[in-house]
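Remarks on the structure that follows.
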Amino acid sequence: MMQTPGKTFLRLVAALEALLAEEQCVVRSGEIEKIRAVQQRTDPVIARLSELQNDPDVPVGEARPRLAALQALHVSSMGMMNARLTEMRATLTALQSARSRLGHLGNAYGQRRTAGQPATAHLSLSA
């Protein structure tokens, strides 16, 4: 038996609730690599909900509070991900800065010597 568009819509809203709750957990846990996998599962649900919203038999008005809560949850997840991205960029910038300073120190204090090379360099006057 085929579900009505209204029941399908409500079932998909429930599925989206579960997916966005999972997204929130993944973001909070810091498992960044798993976020895209959750979003890939979310995309077709959202696409189908978008298609169904124009059907006159779909209770979009009834689901509006749930959809608004889901949008707020997703915005919250995106805010946490943006904050994490900002932290990661700052860390990367600090690491690059430290690496650059280390490179300058290495240049300032001399190059690596090979075995047998004297500890001090002598100026050669021969052409």
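Here, A, B, ... name the chains of the structure tokens in the order displayed, residue numbers run from 1 inside each chain, and ligands are numbered from 1 in the same displayed order.
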Non-local contacts of A:Leu52 (7 Å; only C-alpha atoms; under 5 positions in same chain excluded) as a PDB file with C-alpha atoms, in the first residue's frame:
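To be explicit, this is the file written out as result08.pdb:
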```
ATOM      1  CA  PRO A   5       1.723  12.483   0.325  1.00  0.00           C
ATOM      2  CA  PHE A   9       5.761  14.298   4.362  1.00  0.00           C
ATOM      3  CA  VAL A  58       0.385  17.791   2.648  1.00  0.00           C
TER       4      VAL A  58
END
```
Shell of 12 Å around A:Ala37, only C-alpha atoms, local chain residues under 3 positions omitted, as a PyMOL selection string: chain A and resi 19-20+22-23+26-27+31-34+40-43
Which residue of A:Ala98, A:Leu105, A:Leu67, A:Ala90 approaches A:Ala14 most closely, using only C-alpha atoms: A:Leu67
All helix (DSSP H, G or I) residues (DSSP, backbone) inside stretch 6-118 of chain A, as a VMD selection string: chain A and resid 6 to 29 32 to 52 60 to 108
Residue with smallest distance to A:Thr8 - pool A:Arg36, A:Gly30, A:Arg48, A:Ala21, counting only C-alpha atoms: A:Arg48
Selected residue of minimal separation from A:Ala18 among A:Val38, A:Val75, A:Ala63, A:Met88, counting only C-alpha atoms: A:Val38
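The closest residue to A:His74, picked from A:Ala94, A:Ile35, A:Leu102, A:Ala47 and counting only C-alpha atoms, is A:Ile35.
The gap separating atom CA of A:Met80 from atom CA of A:Gln24 is 8.9 Å, in Å to one decimal.
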Point-to-point distance from atom CA of A:Leu49 to atom CA of A:Leu16, Å rounded to tenths: 9.4 Å
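Residues in contact with A:Gln71 at up to 10 Å, not including ones fewer than 6 positions away on its chain and judged by only C-alpha atoms, are A:Glu17, A:Leu20, A:Pro65, A:Ser77.
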